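**Student:** Structure supplied as work.cif; contents: mmCIF, C-alpha atoms.
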```
data_protein
loop_
_atom_site.label_atom_id
_atom_site.label_comp_id
_atom_site.auth_asym_id
_atom_site.auth_seq_id
_atom_site.Cartn_x
_atom_site.Cartn_y
_atom_site.Cartn_z
CA MET A 234 42.80 30.32 7.15
CA ARG A 235 39.97 31.75 5.02
CA ALA A 236 40.92 29.67 1.96
CA GLY A 237 41.00 26.54 4.13
CA LEU A 238 37.60 27.32 5.63
CA ALA A 239 36.10 27.86 2.17
CA LEU A 240 37.68 24.64 0.87
CA GLY A 241 36.44 22.66 3.89
CA LEU A 242 32.92 24.08 3.65
CA GLY A 243 32.92 23.36 -0.07
CA LEU A 244 33.93 19.75 0.54
CA GLY A 245 31.26 19.40 3.24
CA LEU A 246 28.58 20.77 0.94
CA ALA A 247 29.71 18.46 -1.87
CA LEU A 248 29.37 15.51 0.55
CA LEU A 249 25.85 16.66 1.49
CA LEU A 250 24.81 17.08 -2.14
CA ALA A 251 26.24 13.67 -3.08
CA ALA A 252 24.28 12.08 -0.24
CA ARG A 253 21.11 13.82 -1.43
CA ARG A 254 21.67 12.78 -5.03
CA ARG A 255 22.26 9.15 -4.07
CA ARG A 256 18.84 8.88 -2.45
CA ARG A 257 16.84 10.44 -5.31
CA ALA A 258 14.73 7.29 -5.44
CA VAL A 259 11.39 6.96 -7.27
CA ARG A 260 8.54 7.97 -4.94
CA GLU A 261 5.22 8.12 -6.73
CA VAL A 262 1.60 7.89 -5.64
CA LEU A 263 -1.17 7.05 -8.12
CA PHE A 264 -4.88 7.27 -7.46
CA PHE A 265 -7.67 5.48 -9.24
CA PRO A 266 -10.14 5.35 -10.96
CA SER A 267 -7.75 6.34 -13.71
CA ARG A 268 -8.90 9.06 -16.06
CA PRO A 269 -9.76 7.35 -19.36
CA CYS A 270 -6.75 7.30 -21.70
CA CYS A 271 -5.56 5.16 -24.61
CA THR A 272 -2.79 2.70 -23.69
CA GLU A 273 -2.80 0.86 -27.03
CA GLU A 274 0.20 2.66 -28.53
CA LEU A 275 2.20 2.29 -25.32
CA LEU A 276 1.62 -1.48 -25.35
CA ALA A 277 2.08 -1.90 -29.11
CA GLU A 278 5.39 -0.03 -28.90
CA ALA A 279 6.52 -2.26 -26.04
CA GLU A 280 5.56 -5.32 -28.10
CA GLY A 281 7.82 -3.88 -30.80
CA ARG A 282 6.76 -6.08 -33.72
CA GLY A 283 8.93 -4.20 -36.14
CA GLY A 284 8.44 -0.61 -37.30
CA ARG A 285 6.33 2.05 -35.68
CA PRO A 286 2.93 0.77 -34.50
CA ALA A 287 -0.10 2.01 -36.42
CA PRO A 288 -1.91 4.84 -34.60
CA CYS A 289 -4.86 3.58 -32.54
CA PRO A 290 -8.20 4.71 -34.03
CA CYS A 291 -9.97 4.91 -30.63
CA PRO A 292 -11.28 8.31 -29.45
CA LEU A 293 -9.64 8.18 -25.97
CA PRO A 294 -7.13 10.92 -25.11
CA ARG A 295 -3.39 10.10 -25.36
CA ALA A 296 -2.49 12.09 -22.26
CA ASP A 297 -0.82 10.53 -19.23
CA CYS A 298 -3.14 8.93 -16.68
CA SER A 299 -2.65 6.79 -13.54
CA PHE A 300 -3.05 3.61 -15.58
CA SER A 301 -0.49 4.56 -18.26
CA ARG A 302 1.96 5.55 -15.51
CA LEU A 303 1.50 2.19 -13.82
CA LEU A 304 2.01 0.40 -17.15
CA ARG A 305 5.18 2.41 -17.85
CA ARG A 306 6.71 1.56 -14.48
CA LEU A 307 5.94 -2.11 -15.06
CA LEU A 308 7.33 -2.08 -18.62
CA SER A 309 10.60 -0.62 -17.30
CA ALA A 310 11.58 -4.12 -16.05
CA ARG A 311 14.78 -5.43 -17.59
CA ARG A 312 15.73 -8.48 -15.54
CA SER A 313 13.04 -9.67 -13.13
CA LEU A 314 9.43 -9.18 -12.11
CA GLU A 315 7.84 -10.65 -9.00
CA LEU A 316 4.04 -10.46 -8.86
CA CYS A 317 1.99 -11.25 -5.77
CA LEU A 318 -1.60 -10.63 -6.81
CA PHE A 319 -4.99 -11.49 -5.35
CA ALA A 320 -6.87 -10.88 -8.60
CA PHE A 321 -5.38 -10.45 -12.08
CA SER A 322 -7.85 -9.99 -14.92
CA SER A 323 -6.86 -6.72 -16.65
CA PRO A 324 -6.07 -7.62 -20.30
CA GLU A 325 -3.70 -4.63 -20.63
CA LEU A 326 -1.69 -5.58 -17.55
CA GLY A 327 -1.70 -9.18 -18.82
CA ARG A 328 -0.30 -7.98 -22.17
CA ALA A 329 2.40 -5.97 -20.39
CA VAL A 330 3.52 -9.02 -18.38
CA CYS A 331 3.60 -11.16 -21.55
CA VAL A 332 5.76 -8.53 -23.28
CA LEU A 333 8.23 -8.64 -20.41
CA HIS A 334 8.34 -12.45 -20.45
CA ARG A 335 9.04 -12.46 -24.20
CA ARG A 336 11.77 -9.86 -23.66
CA GLY A 337 13.55 -12.34 -21.37
CA VAL A 338 12.54 -10.81 -18.03
CA ARG A 339 12.23 -13.54 -15.39
CA VAL A 340 8.59 -13.33 -14.30
CA ARG A 341 7.27 -15.16 -11.23
CA VAL A 342 3.64 -14.94 -10.12
CA VAL A 343 1.96 -15.88 -6.83
CA THR A 344 -1.81 -15.59 -6.86
CA ASP A 345 -4.95 -16.56 -4.96
CA SER A 346 -6.21 -20.08 -5.61
CA GLN A 347 -9.87 -19.05 -5.61
CA TYR A 348 -9.60 -15.91 -7.71
CA MET A 349 -7.27 -17.33 -10.34
CA ALA A 350 -10.05 -19.58 -11.65
CA LEU A 351 -12.60 -16.79 -12.18
CA ARG A 352 -13.71 -15.94 -15.71
CA GLY A 353 -11.44 -13.35 -17.31
CA SER A 354 -8.44 -14.23 -15.15
CA GLN A 355 -5.13 -13.67 -16.92
CA ILE A 356 -3.43 -16.48 -14.99
CA GLY A 357 -4.22 -19.14 -17.62
CA VAL A 358 -2.80 -16.91 -20.37
CA LEU A 359 0.46 -16.46 -18.43
CA ARG A 360 0.75 -20.19 -17.73
CA LEU A 361 0.23 -21.07 -21.40
CA LEU A 362 3.17 -18.80 -22.23
CA GLY A 363 5.36 -20.71 -19.79
CA ILE A 364 5.40 -18.10 -17.02
CA GLN A 365 5.88 -19.62 -13.57
CA VAL A 366 2.71 -19.27 -11.47
CA ARG A 367 2.14 -20.55 -7.94
CA HIS A 368 -0.86 -20.17 -5.64
CA ASN A 369 -1.74 -20.60 -2.00
CA GLN A 370 -3.18 -23.89 -0.87
CA ASP A 371 -5.32 -22.76 2.08
CA VAL A 372 -8.77 -21.16 2.20
CA ALA A 373 -7.57 -17.76 3.50
CA PHE A 374 -7.01 -15.16 0.80
CA MET A 375 -3.60 -14.43 -0.73
CA HIS A 376 -4.70 -10.80 -0.66
CA HIS A 377 -1.45 -8.98 -1.56
CA LYS A 378 -1.38 -6.70 -4.61
CA PHE A 379 2.27 -5.95 -5.18
CA ALA A 380 4.92 -6.15 -7.89
CA ILE A 381 8.70 -5.84 -7.63
CA VAL A 382 10.58 -4.62 -10.71
CA ASP A 383 14.26 -5.62 -11.09
CA LYS A 384 14.43 -6.28 -7.31
CA LYS A 385 14.55 -2.55 -6.69
CA MET A 386 11.16 -0.95 -7.36
CA LEU A 387 8.09 -1.84 -5.32
CA ILE A 388 4.58 -1.24 -6.70
CA THR A 389 1.95 -1.82 -4.01
CA GLY A 390 -1.41 -0.56 -2.75
CA SER A 391 -5.12 -1.36 -2.67
CA LEU A 392 -5.45 -1.91 -6.44
CA ASN A 393 -6.27 -5.39 -7.67
CA TRP A 394 -5.20 -5.87 -11.28
CA THR A 395 -8.75 -5.83 -12.64
CA MET A 396 -10.57 -3.50 -15.03
CA GLU A 397 -13.11 -2.65 -12.34
CA ALA A 398 -10.38 -1.52 -9.94
CA ILE A 399 -8.55 0.51 -12.58
CA HIS A 400 -11.53 2.22 -14.19
CA SER A 401 -14.23 2.37 -11.49
CA ASN A 402 -13.06 1.99 -7.89
CA ARG A 403 -11.32 4.48 -5.61
CA GLU A 404 -7.87 2.93 -5.22
CA ASN A 405 -4.25 3.79 -4.56
CA VAL A 406 -0.86 2.56 -5.76
CA VAL A 407 2.46 3.56 -4.20
CA ILE A 408 5.67 3.17 -6.20
CA MET A 409 8.93 3.27 -4.28
CA GLU A 410 12.58 2.42 -4.49
CA ASP A 411 13.52 2.96 -0.83
CA ALA A 412 15.30 -0.21 0.27
CA GLU A 413 13.54 -0.12 3.67
CA TYR A 414 10.30 -0.92 1.85
CA VAL A 415 11.54 -3.01 -1.09
CA ARG A 416 13.70 -5.45 0.89
CA PRO A 417 10.94 -6.75 3.26
CA PHE A 418 8.56 -7.23 0.32
CA LEU A 419 11.23 -9.16 -1.61
CA ASP A 420 11.86 -11.38 1.42
CA GLU A 421 8.11 -11.89 1.87
CA PHE A 422 7.76 -12.82 -1.81
CA GLU A 423 10.52 -15.44 -1.52
CA ARG A 424 8.92 -16.82 1.66
CA ILE A 425 5.47 -17.14 0.01
CA TRP A 426 7.03 -18.46 -3.23
CA GLU A 427 8.64 -21.29 -1.26
CA GLU A 428 5.52 -21.87 0.82
CA CYS A 429 3.53 -22.27 -2.42
CA ASN A 430 6.09 -24.62 -3.99
CA PRO A 431 4.07 -27.66 -5.20
CA GLU A 432 6.82 -29.87 -3.76
CA ASN A 433 5.70 -28.69 -0.32
CA TYR A 434 2.00 -29.42 -0.84
CA THR A 435 0.39 -31.54 1.84
CA PHE A 436 -2.69 -33.33 0.57
CA PHE A 437 -3.33 -35.33 3.71
CA SER A 438 -2.54 -34.23 7.22
CA MET B 963 45.07 26.84 6.64
CA ARG B 964 44.91 23.39 8.30
CA ALA B 965 42.77 24.67 11.19
CA GLY B 966 40.40 26.31 8.73
CA LEU B 967 40.13 23.13 6.65
CA ALA B 968 39.35 21.09 9.78
CA LEU B 969 36.78 23.63 10.95
CA GLY B 970 35.12 23.76 7.53
CA LEU B 971 35.03 19.97 7.20
CA GLY B 972 33.65 19.73 10.71
CA LEU B 973 30.87 22.19 9.85
CA GLY B 974 30.10 20.31 6.63
CA LEU B 975 29.88 17.00 8.48
CA ALA B 976 27.65 18.56 11.13
CA LEU B 977 25.34 19.78 8.34
CA LEU B 978 25.27 16.28 6.83
CA LEU B 979 24.50 14.64 10.19
CA ALA B 980 21.77 17.19 10.96
CA ALA B 981 20.19 16.49 7.56
CA ARG B 982 20.33 12.75 8.24
CA ARG B 983 18.82 13.15 11.71
CA ARG B 984 16.00 15.32 10.39
CA ARG B 985 14.86 12.68 7.94
CA ARG B 986 14.83 9.74 10.37
CA ALA B 987 11.16 9.18 9.53
CA VAL B 988 9.14 6.09 10.49
CA ARG B 989 9.43 3.45 7.75
CA GLU B 990 7.86 0.16 8.77
CA VAL B 991 6.45 -2.81 6.88
CA LEU B 992 4.06 -5.26 8.56
CA PHE B 993 2.93 -8.57 7.12
CA PHE B 994 -0.16 -10.53 7.99
CA PRO B 995 -1.64 -12.90 9.09
CA SER B 996 -0.41 -11.61 12.40
CA ARG B 997 1.05 -14.13 14.82
CA PRO B 998 -1.55 -14.63 17.55
CA CYS B 999 -0.93 -12.26 20.47
CA CYS B 1000 -3.00 -10.69 23.24
CA THR B 1001 -3.88 -7.03 22.61
CA GLU B 1002 -6.26 -6.71 25.59
CA GLU B 1003 -3.78 -5.04 27.94
CA LEU B 1004 -2.63 -2.64 25.23
CA LEU B 1005 -6.22 -1.53 24.60
CA ALA B 1006 -7.24 -1.47 28.29
CA GLU B 1007 -4.22 0.70 29.09
CA ALA B 1008 -5.13 3.08 26.25
CA GLU B 1009 -8.69 3.26 27.59
CA GLY B 1010 -7.08 4.27 30.90
CA ARG B 1011 -10.09 3.85 33.16
CA GLY B 1012 -8.05 4.63 36.26
CA GLY B 1013 -5.31 2.48 37.77
CA ARG B 1014 -3.43 -0.33 36.12
CA PRO B 1015 -5.67 -2.63 34.02
CA ALA B 1016 -6.20 -6.15 35.40
CA PRO B 1017 -3.98 -8.72 33.63
CA CYS B 1018 -5.82 -10.52 30.83
CA PRO B 1019 -6.48 -14.18 31.67
CA CYS B 1020 -6.27 -15.37 28.03
CA PRO B 1021 -3.50 -17.82 27.07
CA LEU B 1022 -2.21 -15.82 24.06
CA PRO B 1023 1.42 -14.65 24.18
CA ARG B 1024 2.10 -10.98 25.12
CA ALA B 1025 4.92 -10.63 22.61
CA ASP B 1026 4.86 -8.03 19.84
CA CYS B 1027 3.06 -9.03 16.64
CA SER B 1028 2.04 -7.24 13.42
CA PHE B 1029 -1.38 -6.52 14.86
CA SER B 1030 -0.13 -5.01 18.14
CA ARG B 1031 2.34 -2.88 16.16
CA LEU B 1032 -0.47 -1.60 13.95
CA LEU B 1033 -2.59 -0.83 17.03
CA ARG B 1034 0.30 1.03 18.71
CA ARG B 1035 0.88 3.23 15.66
CA LEU B 1036 -2.81 4.06 15.54
CA LEU B 1037 -3.02 4.78 19.27
CA SER B 1038 -0.13 7.23 18.94
CA ALA B 1039 -2.58 9.80 17.43
CA ARG B 1040 -2.80 13.01 19.48
CA ARG B 1041 -4.70 15.45 17.27
CA SER B 1042 -6.29 13.92 14.18
CA LEU B 1043 -7.07 10.64 12.47
CA GLU B 1044 -8.33 10.28 8.91
CA LEU B 1045 -9.65 6.84 7.97
CA CYS B 1046 -10.46 5.79 4.40
CA LEU B 1047 -11.57 2.17 4.72
CA PHE B 1048 -13.36 -0.26 2.43
CA ALA B 1049 -14.29 -2.67 5.25
CA PHE B 1050 -14.07 -2.01 8.98
CA SER B 1051 -15.27 -4.82 11.26
CA SER B 1052 -12.35 -5.58 13.59
CA PRO B 1053 -13.64 -5.00 17.16
CA GLU B 1054 -10.12 -4.24 18.44
CA LEU B 1055 -9.49 -1.59 15.77
CA GLY B 1056 -12.97 -0.22 16.49
CA ARG B 1057 -12.08 0.02 20.20
CA ALA B 1058 -8.83 1.82 19.36
CA VAL B 1059 -10.65 4.41 17.24
CA CYS B 1060 -13.24 4.95 20.02
CA VAL B 1061 -10.41 5.50 22.54
CA LEU B 1062 -8.90 8.17 20.29
CA HIS B 1063 -12.25 9.90 19.82
CA ARG B 1064 -12.81 9.99 23.61
CA ARG B 1065 -9.30 11.39 24.05
CA GLY B 1066 -10.28 14.35 21.88
CA VAL B 1067 -8.59 13.26 18.65
CA ARG B 1068 -10.56 14.55 15.64
CA VAL B 1069 -11.59 11.36 13.81
CA ARG B 1070 -13.07 11.42 10.30
CA VAL B 1071 -14.07 8.25 8.45
CA VAL B 1072 -14.85 7.61 4.79
CA THR B 1073 -16.09 4.12 4.02
CA ASP B 1074 -17.79 2.01 1.37
CA SER B 1075 -21.56 2.31 1.21
CA GLN B 1076 -22.10 -1.40 0.56
CA TYR B 1077 -19.65 -2.80 3.09
CA MET B 1078 -20.57 -0.47 5.95
CA ALA B 1079 -23.97 -2.16 6.26
CA LEU B 1080 -22.62 -5.71 6.60
CA ARG B 1081 -23.08 -7.56 9.89
CA GLY B 1082 -20.24 -6.88 12.31
CA SER B 1083 -19.33 -3.52 10.75
CA GLN B 1084 -17.91 -1.06 13.28
CA ILE B 1085 -19.31 1.93 11.39
CA GLY B 1086 -22.58 2.00 13.38
CA VAL B 1087 -20.62 1.92 16.67
CA LEU B 1088 -18.52 4.89 15.58
CA ARG B 1089 -21.56 6.87 14.44
CA LEU B 1090 -23.37 6.27 17.73
CA LEU B 1091 -20.36 7.78 19.52
CA GLY B 1092 -20.65 10.91 17.39
CA ILE B 1093 -17.71 10.21 15.07
CA GLN B 1094 -18.12 11.78 11.61
CA VAL B 1095 -18.59 9.10 8.94
CA ARG B 1096 -19.17 9.63 5.24
CA HIS B 1097 -19.53 7.12 2.41
CA ASN B 1098 -19.48 7.03 -1.36
CA GLN B 1099 -22.72 7.33 -3.24
CA ASP B 1100 -21.90 5.35 -6.39
CA VAL B 1101 -21.84 1.60 -7.03
CA ALA B 1102 -18.04 1.37 -7.55
CA PHE B 1103 -16.09 0.37 -4.44
CA MET B 1104 -14.43 2.88 -2.12
CA HIS B 1105 -11.59 0.35 -1.93
CA HIS B 1106 -8.88 2.34 -0.09
CA LYS B 1107 -7.50 0.98 3.17
CA PHE B 1108 -5.51 3.85 4.64
CA ALA B 1109 -5.23 5.89 7.81
CA ILE B 1110 -3.41 9.17 8.44
CA VAL B 1111 -2.25 9.88 11.99
CA ASP B 1112 -1.77 13.54 13.04
CA LYS B 1113 -1.44 14.52 9.35
CA LYS B 1114 2.08 13.10 9.28
CA MET B 1115 2.00 9.29 9.43
CA LEU B 1116 0.43 7.23 6.65
CA ILE B 1117 -0.73 3.64 7.28
CA THR B 1118 -1.70 1.92 4.03
CA GLY B 1119 -1.64 -1.44 2.25
CA SER B 1120 -3.80 -4.39 1.25
CA LEU B 1121 -5.26 -4.97 4.73
CA ASN B 1122 -8.96 -4.38 5.25
CA TRP B 1123 -9.74 -3.73 8.91
CA THR B 1124 -11.42 -7.09 9.44
CA MET B 1125 -10.60 -10.06 11.67
CA GLU B 1126 -10.27 -12.31 8.64
CA ALA B 1127 -7.65 -10.03 7.09
CA ILE B 1128 -5.68 -9.65 10.33
CA HIS B 1129 -5.70 -13.27 11.46
CA SER B 1130 -6.05 -15.36 8.27
CA ASN B 1131 -5.12 -13.65 5.01
CA ARG B 1132 -1.72 -12.85 3.54
CA GLU B 1133 -1.64 -9.04 3.71
CA ASN B 1134 0.71 -6.09 3.98
CA VAL B 1135 0.70 -2.72 5.71
CA VAL B 1136 3.25 0.02 5.09
CA ILE B 1137 3.74 2.77 7.66
CA MET B 1138 5.56 5.91 6.55
CA GLU B 1139 6.20 9.49 7.44
CA ASP B 1140 7.85 10.62 4.18
CA ALA B 1141 5.98 13.73 3.06
CA GLU B 1142 6.10 12.60 -0.61
CA TYR B 1143 3.70 9.79 0.31
CA VAL B 1144 1.69 11.38 3.15
CA ARG B 1145 0.81 14.64 1.36
CA PRO B 1146 -0.94 13.10 -1.71
CA PHE B 1147 -2.95 10.77 0.54
CA LEU B 1148 -4.04 13.71 2.72
CA ASP B 1149 -5.09 15.64 -0.38
CA GLU B 1150 -6.94 12.58 -1.71
CA PHE B 1151 -8.71 12.17 1.63
CA GLU B 1152 -9.89 15.80 1.60
CA ARG B 1153 -11.05 15.40 -2.01
CA ILE B 1154 -13.07 12.25 -1.24
CA TRP B 1155 -14.35 13.75 2.05
CA GLU B 1156 -15.78 16.68 0.12
CA GLU B 1157 -17.10 14.44 -2.67
CA CYS B 1158 -18.95 12.38 -0.04
CA ASN B 1159 -20.37 15.45 1.72
CA PRO B 1160 -24.14 14.80 2.01
CA GLU B 1161 -24.71 18.39 0.93
CA ASN B 1162 -23.36 17.39 -2.48
CA TYR B 1163 -25.58 14.33 -2.89
CA THR B 1164 -27.52 14.18 -6.12
CA PHE B 1165 -30.62 12.04 -5.83
CA PHE B 1166 -31.95 12.78 -9.30
CA SER B 1167 -29.90 13.54 -12.35
#
```
Before we go any further, please render this structure as structure tokens.

**Tutor:**
Amino acid sequence: MRAGLALGLGLGLALLLAARRRRRAVREVLFFPSRPCCTEELLAEAEGRGGRPAPCPCPLPRADCSFSRLLRRLLSARRSLELCLFAFSSPELGRAVCVLHRRGVRVRVVTDSQYMALRGSQIGVLRLLGIQVRHNQDVAFMHHKFAIVDKKMLITGSLNWTMEAIHSNRENVVIMEDAEYVRPFLDEFERIWEECNPENYTFFS
Amino acid sequence: MRAGLALGLGLGLALLLAARRRRRAVREVLFFPSRPCCTEELLAEAEGRGGRPAPCPCPLPRADCSFSRLLRRLLSARRSLELCLFAFSSPELGRAVCVLHRRGVRVRVVTDSQYMALRGSQIGVLRLLGIQVRHNQDVAFMHHKFAIVDKKMLITGSLNWTMEAIHSNRENVVIMEDAEYVRPFLDEFERIWEECNPENYTFFS
């Protein structure tokens, strides 16, 4: 009887632990402005142009900061990246997206029609590289600021992908793998992607 | 032996189920623009000025929509409400916050110094009622858009609390009770609240 009880309890506990392990999903919160830190080596390494990249001569600290953490999460993409961004002008984030595209990651971008034309926007750079970009057609803002990595990690928050937001403003970014959050955002991306399909444009009512 | 095994397994399963029940936290995603819907009765009922509120004569549907869901989550506050908002001009959200204040909920607001002075801002209304409001002192934006209900429910996303955002823009709001997300936002609120304490203002360097 005692041996059976111990065996049963052991099995039950193993079940509980397995369930806990299975849901060890990424759950991270980043706040901005990011402490200043050098992201050059992180990006150069990701670009991987043969050999070890030369050390960056800038005086910024190499320590982790909110911005380098965000970049790392983004650079972890292996298959797909969906971007739904109101404003995208950060050169570093632009470089990261280009790296992923060159690596063969399928990148799709939806952005705001008014903000994509502003000076410093990265949208033109992405388009020149052959990355698919679509935009809304109405006057209301496409105000989302989210990314989905490999269909399983959601990066969302108040942060526009601009230098001002990263280095000056008070902002937040939440990174999560819980399917209850990722799935609706994926569905919403596909809905907006189709809505912004140029084939569906209506020039005259 | 068999009875013991069954008992042990039963106990293990009970543990597993209890663990699952305990973490049934709110996890909701809302997208905007919200479908048009009437929120008058929801707000009038919350105001509770005696008796059943008169039915609203407007032609909008009474069905649930993203906006009414957001309002309901907010109105569920019983003890405290922390608001960290870049722009706050929605009259309905303003009414909801006033209701909570009158009900005895401790409301604290941090907002952006430039946006709080715009026409239509609800900040003046809240201050006149005696609600504590603080704002940043620097030129960078206080760009957060989050609320914390009773220290346990986080409401955050891309949505500014304006009519344009609610009824026109493409926006998202995530509502969550997972402590891994709520706790850092609470800490960040307290940090910003103290940073924006008028006692700490520096008028001359």

**Student:** Enumerate, as a VMD selection string, the residues matched when the PyMOL selection byres ((chain B) within 8 of (chain A)) is run on the file above.

**Tutor:** chain B and resid 963 to 975 977 to 978 989 to 991 1102 to 1107 1118 to 1121 1126 1130 to 1134 1136 1142 to 1143 1146

**Student:** Selected by the PyMOL selection byres ((chain B and resi 1040-1043) around 6) in the shown coordinates: which residues, as a list in words?

**Tutor:**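 So the PyMOL selection byres ((chain B and resi 1040-1043) around 6) ends up selecting Ala1039, Glu1044, Val1067, Arg1068, Val1069, Ile1110, Val1111 and Asp1112 of chain B.
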
**Student:** For stretch 1082-1096 of chain B, list every protein, DNA or RNA residue within 9 Å, evaluated using all atoms listed in the file, and leave out those in the same chain fewer than 5 positions away; present the list as number ranges by chain.

**Tutor:** B: 1049-1053, 1055-1056, 1059-1060, 1063-1064, 1068-1075, 1077, 1124, 1155, 1158-1160

**Student:** Got a sec to resolve the PyMOL selection byres ((chain A and resi 274) around 12) on this structure and send the residues as a PyMOL selection string?

**Tutor:** chain A and resi 270-273+275-281+285-291+293-296+301+304-305+325

**Student:** Pull C-alpha atoms from the residues just selected and write them as a PDB file, in the coordinates of the input.

**Tutor:**
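Saved file result_22.pdb follows:
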```
ATOM      1  CA  CYS A 270      -6.750   7.300 -21.700  1.00  0.00           C
ATOM      2  CA  CYS A 271      -5.560   5.160 -24.610  1.00  0.00           C
ATOM      3  CA  THR A 272      -2.790   2.700 -23.690  1.00  0.00           C
ATOM      4  CA  GLU A 273      -2.800   0.860 -27.030  1.00  0.00           C
ATOM      5  CA  LEU A 275       2.200   2.290 -25.320  1.00  0.00           C
ATOM      6  CA  LEU A 276       1.620  -1.480 -25.350  1.00  0.00           C
ATOM      7  CA  ALA A 277       2.080  -1.900 -29.110  1.00  0.00           C
ATOM      8  CA  GLU A 278       5.390  -0.030 -28.900  1.00  0.00           C
ATOM      9  CA  ALA A 279       6.520  -2.260 -26.040  1.00  0.00           C
ATOM     10  CA  GLU A 280       5.560  -5.320 -28.100  1.00  0.00           C
ATOM     11  CA  GLY A 281       7.820  -3.880 -30.800  1.00  0.00           C
ATOM     12  CA  ARG A 285       6.330   2.050 -35.680  1.00  0.00           C
ATOM     13  CA  PRO A 286       2.930   0.770 -34.500  1.00  0.00           C
ATOM     14  CA  ALA A 287      -0.100   2.010 -36.420  1.00  0.00           C
ATOM     15  CA  PRO A 288      -1.910   4.840 -34.600  1.00  0.00           C
ATOM     16  CA  CYS A 289      -4.860   3.580 -32.540  1.00  0.00           C
ATOM     17  CA  PRO A 290      -8.200   4.710 -34.030  1.00  0.00           C
ATOM     18  CA  CYS A 291      -9.970   4.910 -30.630  1.00  0.00           C
ATOM     19  CA  LEU A 293      -9.640   8.180 -25.970  1.00  0.00           C
ATOM     20  CA  PRO A 294      -7.130  10.920 -25.110  1.00  0.00           C
ATOM     21  CA  ARG A 295      -3.390  10.100 -25.360  1.00  0.00           C
ATOM     22  CA  ALA A 296      -2.490  12.090 -22.260  1.00  0.00           C
ATOM     23  CA  SER A 301      -0.490   4.560 -18.260  1.00  0.00           C
ATOM     24  CA  LEU A 304       2.010   0.400 -17.150  1.00  0.00           C
ATOM     25  CA  ARG A 305       5.180   2.410 -17.850  1.00  0.00           C
ATOM     26  CA  GLU A 325      -3.700  -4.630 -20.630  1.00  0.00           C
TER      27      GLU A 325
END
```

**Student:** Any idea what's packed within 6 Å of B:Ala1109, counting all atoms listed in the file, ignoring anything in its chain fewer than 5 positions away? Could you give it as a PDB file with C-alpha atoms, in the frame of the given file?

**Tutor:**
```pdb
ATOM      1  CA  GLU B1044      -8.330  10.280   8.910  1.00  0.00           C
ATOM      2  CA  LEU B1045      -9.650   6.840   7.970  1.00  0.00           C
ATOM      3  CA  LEU B1116       0.430   7.230   6.650  1.00  0.00           C
ATOM      4  CA  ILE B1117      -0.730   3.640   7.280  1.00  0.00           C
TER       5      ILE B1117
END
```

**Student:** How many Å lie between atom CA of B:Phe1029 and atom CA of B:Arg997, rounded to one decimal?

**Tutor:**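 Result for atom CA of B:Phe1029 versus atom CA of B:Arg997: 8.0 Å, one decimal.
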
**Student:** Between atom CA of B:Cys1046 and atom CA of B:Val1061, what distance in Å does the model show, to one decimal?

**Tutor:**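 That distance, rounded to one decimal, is 18.1 Å.
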
**Student:** Grab the atom CA of B:Arg1031 to atom CA of A:Asp420 distance for me, in Å with one decimal place.

**Tutor:**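 Result for atom CA of B:Arg1031 versus atom CA of A:Asp420: 19.5 Å, one decimal.
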